[in-house]
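Engineer: My questions all concern the structure below.
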Amino acid sequence: MNPIPADWALSTTHIASEYVSRQFSVLISVGPKILPLIELDVVLLMACSKLARTLTEVYHNPVTINFDITRYSEALQTMETGLKSGCEELLLAQFLPDYQIILERPAVFLDKFSIIFLWYLPGAIDAAIQNDMMAATVMMSGLLGTSVTCGAVKDNHWHTHASNFQSSDHGLTPGCINLSPVWFLQGHPAPKSYPEISATLQVSGISLCQAMQRLVSLVAAALRVIHSSLYWSSLTTQLGLGLWAANNQLQDMGDLLRVWGSVFTVLTIMCNQHSPLHHDALSHAQWFDVMLSVGSNGLA
């Protein structure tokens, strides 16, 4: 039974994730065979099958390294940026890996205590879905263009500084923006701060959400297999936010939540950005971010 209201985009996302999860179980020989789901369009159905096969390849290729991800996470300061060379040298000396790994094929990485800290899924998103994201990125050109900043580089503003962007071979506009139907500033507790629609979704937000529907469905499906408890917690959060918006008569937020197909409440779009090595602050070892690269890339 689908727990998501039928008129929510998240309902399609959940159906896709259910299909990928069951396909994955079949491929690793722990579940019964299933038929394709008629609720999914052909493009998304084929993409889900490809994702399930890639996840299976990863499952059969575990890589263990001599590293303690929990101690490393605890060693980081709350607002550690990773941009201070002295701090990074101390961390490297304390958590020096045995050897350098070149990622050449799908794999799942575990620390020395068998804690998974990375799923590497090259080629998991097929060309049709990547084209969806290319088209959505073109729709964001104005927002991306105005996001780029100039002047002196500050540690907390490097994400949008012009020095970290390059021109696109596909006519895309470089930039970095956050999209969220329920933007909330971390470290600003209620009642002083409440969720609100991000400025980037206040204009053409519904059309942007619809353009990314297939892509965010696949990302959620991967999370369903990779970290199922986080997936279900995210669904619960989305439904709770929908009820909160309805109870507070926030119609615009409710309308956006109905077309928001991602299980994450925030998506960051980085177009042709060169990211320096860094840490994302205010996180935990138990939380997974999903980073998706669209286009052709070399070995990691």
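Residues in the structure tokens are named by chain (A, B, ... in the order shown) and by number from 1 within that chain; ligands are numbered from 1 in the order shown.
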Need to verify the contact set: region 100-106 of chain A, 12 Å, only C-alpha atoms, exclusion of same-chain residues closer than 2 positions in sequence. Can you return it as JSON, numbers by chain?

Structural biologist: {"A": [51, 53, 54, 55, 56, 57, 58, 59, 60, 61, 62, 63, 64, 65, 66, 96, 97, 98, 108, 109, 118, 119, 120, 121, 122, 123, 124, 297, 298, 299, 300]}

Engineer: Store the residues picked out above in a file with N, CA, C and O atoms, as a compact mmCIF listing (two decimals), in the first residue's frame.

Structural biologist:
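What landed in out22.txt:
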# COMPACT_ATOMS: atom_id res chain seq x y z
N LEU A 51 19.21 1.19 -12.77
CA LEU A 51 19.69 1.54 -11.44
C LEU A 51 19.79 0.30 -10.56
O LEU A 51 20.78 0.11 -9.83
N ARG A 53 20.33 -2.76 -11.47
CA ARG A 53 21.48 -3.57 -11.90
C ARG A 53 22.79 -2.97 -11.39
O ARG A 53 23.69 -3.71 -10.97
N THR A 54 22.90 -1.64 -11.43
CA THR A 54 24.12 -0.99 -10.93
C THR A 54 24.27 -1.18 -9.43
O THR A 54 25.37 -1.45 -8.93
N LEU A 55 23.18 -1.05 -8.69
CA LEU A 55 23.22 -1.28 -7.25
C LEU A 55 23.64 -2.71 -6.92
O LEU A 55 24.37 -2.95 -5.96
N THR A 56 23.21 -3.65 -7.75
CA THR A 56 23.58 -5.05 -7.56
C THR A 56 25.08 -5.25 -7.78
O THR A 56 25.75 -5.96 -7.03
N GLU A 57 25.60 -4.59 -8.82
CA GLU A 57 27.05 -4.68 -9.08
C GLU A 57 27.84 -4.12 -7.90
O GLU A 57 28.87 -4.69 -7.49
N VAL A 58 27.36 -3.02 -7.34
CA VAL A 58 28.02 -2.43 -6.18
C VAL A 58 27.98 -3.40 -4.99
O VAL A 58 28.98 -3.58 -4.28
N TYR A 59 26.83 -4.00 -4.78
CA TYR A 59 26.64 -4.94 -3.66
C TYR A 59 27.66 -6.07 -3.71
O TYR A 59 28.14 -6.54 -2.68
N HIS A 60 28.01 -6.50 -4.92
CA HIS A 60 28.95 -7.60 -5.09
C HIS A 60 30.41 -7.13 -5.16
O HIS A 60 31.30 -7.94 -5.42
N ASN A 61 30.64 -5.83 -4.92
CA ASN A 61 32.02 -5.33 -4.97
C ASN A 61 32.31 -4.46 -3.74
O ASN A 61 32.53 -3.26 -3.84
N PRO A 62 32.34 -5.07 -2.54
CA PRO A 62 32.66 -4.30 -1.33
C PRO A 62 34.17 -4.06 -1.23
O PRO A 62 34.98 -4.93 -1.56
N VAL A 63 34.53 -2.87 -0.76
CA VAL A 63 35.94 -2.51 -0.57
C VAL A 63 36.10 -2.01 0.87
O VAL A 63 35.46 -1.05 1.27
N THR A 64 36.96 -2.68 1.63
CA THR A 64 37.21 -2.29 3.02
C THR A 64 38.54 -1.58 3.13
O THR A 64 39.55 -2.05 2.58
N ILE A 65 38.57 -0.44 3.81
CA ILE A 65 39.82 0.29 4.00
C ILE A 65 40.08 0.47 5.50
O ILE A 65 39.16 0.44 6.31
N ASN A 66 41.33 0.66 5.85
CA ASN A 66 41.73 0.80 7.25
C ASN A 66 41.47 2.24 7.71
O ASN A 66 42.36 3.08 7.76
N LEU A 96 45.40 8.84 8.39
CA LEU A 96 46.09 8.61 7.12
C LEU A 96 45.64 7.28 6.51
O LEU A 96 45.78 6.22 7.13
N PRO A 97 45.10 7.28 5.29
CA PRO A 97 44.70 6.01 4.65
C PRO A 97 45.92 5.20 4.25
O PRO A 97 47.02 5.74 4.05
N ASP A 98 45.72 3.89 4.13
CA ASP A 98 46.83 3.00 3.78
C ASP A 98 47.34 3.24 2.37
O ASP A 98 48.54 3.13 2.10
N VAL A 108 31.05 -0.41 -3.10
CA VAL A 108 30.60 0.10 -1.82
C VAL A 108 31.79 0.06 -0.86
O VAL A 108 32.51 -0.94 -0.80
N PHE A 109 32.04 1.17 -0.15
CA PHE A 109 33.22 1.29 0.69
C PHE A 109 32.84 1.21 2.16
O PHE A 109 31.90 1.87 2.62
N LEU A 118 30.36 5.00 1.81
CA LEU A 118 30.26 5.50 0.44
C LEU A 118 29.74 4.41 -0.49
O LEU A 118 30.22 3.28 -0.47
N TRP A 119 28.73 4.76 -1.28
CA TRP A 119 28.30 3.95 -2.42
C TRP A 119 28.68 4.72 -3.67
O TRP A 119 28.28 5.87 -3.85
N TYR A 120 29.47 4.09 -4.53
CA TYR A 120 29.93 4.72 -5.76
C TYR A 120 29.21 4.06 -6.93
O TYR A 120 29.38 2.87 -7.18
N LEU A 121 28.40 4.85 -7.67
CA LEU A 121 27.49 4.29 -8.68
C LEU A 121 27.68 4.95 -10.05
O LEU A 121 26.75 5.58 -10.57
N PRO A 122 28.85 4.84 -10.66
CA PRO A 122 29.02 5.45 -11.99
C PRO A 122 28.11 4.77 -13.02
O PRO A 122 27.92 3.57 -13.02
N GLY A 123 27.50 5.58 -13.87
CA GLY A 123 26.65 5.05 -14.93
C GLY A 123 25.28 4.60 -14.47
O GLY A 123 24.54 3.99 -15.24
N ALA A 124 24.90 4.93 -13.23
CA ALA A 124 23.61 4.46 -12.71
C ALA A 124 22.43 5.19 -13.33
O ALA A 124 21.33 4.65 -13.41
N ASN A 297 32.32 12.20 -17.33
CA ASN A 297 33.34 12.47 -16.31
C ASN A 297 34.42 11.38 -16.36
O ASN A 297 34.18 10.27 -16.79
N GLY A 298 35.61 11.75 -15.86
CA GLY A 298 36.69 10.79 -15.79
C GLY A 298 36.62 9.98 -14.52
O GLY A 298 35.64 10.00 -13.78
N LEU A 299 37.70 9.25 -14.23
CA LEU A 299 37.77 8.44 -13.02
C LEU A 299 37.83 9.32 -11.78
O LEU A 299 38.41 10.40 -11.80
N ALA A 300 37.23 8.85 -10.69
CA ALA A 300 37.22 9.61 -9.43
C ALA A 300 38.43 9.23 -8.58
O ALA A 300 38.94 8.14 -8.67

Engineer: For Trp183 (chain A), please output as a tab-separated table (two decimals) with all heavy atoms, in the first residue's frame all residues within 9 Å (counting only C-alpha atoms; exclusion window: fewer than 6 positions along the same chain).

Structural biologist:
chain	number	residue	atom	x	y	z
A	194	TYR	N	10.92	29.64	10.87
A	194	TYR	CA	10.03	28.59	10.41
A	194	TYR	C	10.37	28.25	8.95
A	194	TYR	O	10.95	29.08	8.23
A	194	TYR	CB	8.57	29.03	10.50
A	194	TYR	CG	8.05	29.19	11.91
A	194	TYR	CD1	7.98	30.45	12.49
A	194	TYR	CD2	7.65	28.09	12.65
A	194	TYR	CE1	7.51	30.60	13.79
A	194	TYR	CE2	7.18	28.23	13.94
A	194	TYR	CZ	7.12	29.49	14.51
A	194	TYR	OH	6.65	29.63	15.80
A	195	PRO	N	10.02	27.05	8.50
A	195	PRO	CA	10.26	26.71	7.09
A	195	PRO	C	9.55	27.69	6.16
A	195	PRO	O	8.46	28.18	6.46
A	195	PRO	CB	9.67	25.30	6.96
A	195	PRO	CG	9.68	24.75	8.34
A	195	PRO	CD	9.44	25.91	9.25
A	196	GLU	N	10.19	27.97	5.04
A	196	GLU	CA	9.59	28.84	4.02
A	196	GLU	C	10.07	28.40	2.65
A	196	GLU	O	11.04	27.66	2.52
A	196	GLU	CB	9.98	30.30	4.27
A	196	GLU	CG	11.47	30.56	4.29
A	196	GLU	CD	11.81	31.99	4.66
A	196	GLU	OE1	11.07	32.59	5.46
A	196	GLU	OE2	12.83	32.50	4.15
A	197	ILE	N	9.38	28.84	1.64
A	197	ILE	CA	9.75	28.49	0.26
A	197	ILE	C	11.03	29.24	-0.10
A	197	ILE	O	11.13	30.45	0.11
A	197	ILE	CB	8.63	28.86	-0.72
A	197	ILE	CG1	7.34	28.12	-0.36
A	197	ILE	CG2	9.03	28.56	-2.15
A	197	ILE	CD1	6.13	28.59	-1.14
A	198	SER	N	12.01	28.53	-0.65
A	198	SER	CA	13.24	29.21	-1.07
A	198	SER	C	12.95	30.21	-2.18
A	198	SER	O	12.02	30.01	-2.98
A	198	SER	CB	14.28	28.19	-1.54
A	198	SER	OG	13.85	27.56	-2.74
A	265	THR	N	14.63	17.56	1.41
A	265	THR	CA	13.91	18.83	1.43
A	265	THR	C	14.66	19.94	0.71
A	265	THR	O	14.09	20.99	0.44
A	265	THR	CB	13.66	19.27	2.89
A	265	THR	OG1	14.90	19.31	3.60
A	265	THR	CG2	12.70	18.31	3.59
A	266	VAL	N	15.95	19.71	0.39
A	266	VAL	CA	16.74	20.71	-0.33
A	266	VAL	C	17.54	20.03	-1.44
A	266	VAL	O	18.12	18.96	-1.23
A	266	VAL	CB	17.72	21.44	0.61
A	266	VAL	CG1	18.52	22.48	-0.17
A	266	VAL	CG2	16.99	22.11	1.76

Engineer: Give me, as a tab-separated table, the closest atom pair and its distance (Å, one decimal) for every residue of region 39-114 of chain A within a cut-off of 7 Å of region 7-26 of chain A, counting only C-alpha atoms, rows sorted by chain and rising number.

Structural biologist:
residue	atom	partner	partner_atom	distance
A:Cys48	CA	A:Val20	CA	5.7
A:Ser49	CA	A:Val20	CA	6.7
A:Ala52	CA	A:Phe24	CA	5.1
A:Thr56	CA	A:Phe24	CA	6.2

Engineer: For Asp126 (chain A), which of A:Lys50, A:His170, A:Arg71, A:Lys112 is the closest residue, counting only C-alpha atoms?

Structural biologist: A:Lys50

Engineer: Just the strand (DSSP E or B) stuff from region 53-270 of chain A, please, per backbone DSSP, written as a ChimeraX atom specification.

Structural biologist: /A:62-64,107-110,116-120,149,161,165,175-179,183,196,267-270

Engineer: Which of these, A:Leu35, A:Val148, A:Ser217, A:Tyr72, has the shortest distance to Gln166 (chain A) once you count only C-alpha atoms?

Structural biologist: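 Closest to Gln166 (chain A), using only C-alpha atoms: A:Val148.
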
Engineer: For Phe117 (chain A), which residue out of A:Val290, A:Ala135, A:Ile206, A:Leu143 is the nearest one, using only C-alpha atoms?

Structural biologist: A:Val290

Engineer: With only C-alpha atoms as the basis for distance, which of A:His161, A:Leu37, A:Ile4, A:Trp287 is at the shortest distance from His227 (chain A)?

Structural biologist: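 Smallest distance to His227 (chain A) is found for A:Trp287.
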
Engineer: Calculated over only C-alpha atoms, which of the candidates A:Ser228, A:Leu45, A:Met270, A:Val182 has the smallest distance to Gly240 (chain A)?

Structural biologist: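 Between A:Ser228, A:Leu45, A:Met270, A:Val182, the residue approaching Gly240 (chain A) most closely is A:Val182.
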
Engineer: For the alpha helix (DSSP H) assignment from backbone DSSP, which residues of region 109-182 of chain A qualify? Please present them as a list in words.

Structural biologist: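 Across region 109-182 of chain A, those assigned alpha helix (DSSP H) are Ala127, Ala128, Ile129, Gln130, Asn131, Asp132, Met133, Met134, Ala135, Ala136, Thr137, Val138, Met139, Ser141, Gly142, Leu143, Leu144, Gly145, Thr146 and Ser147 of chain A.
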
Engineer: Can you tell me, as a PyMOL selection string, what residues are no more than 12 Å from Ala152 (chain A) when counting only C-alpha atoms, ignoring any on the same chain fewer than 5 positions away?

Structural biologist: chain A and resi 157-158+160-163

Engineer: Identify, on the basis of only C-alpha atoms, every residue whose closest approach to Val138 (chain A) does not exceed 9 Å; exclude the query and any residue fewer than 5 positions from it along the same chain; express the result as a ChimeraX atom specification.

Structural biologist: /A:133,171-173
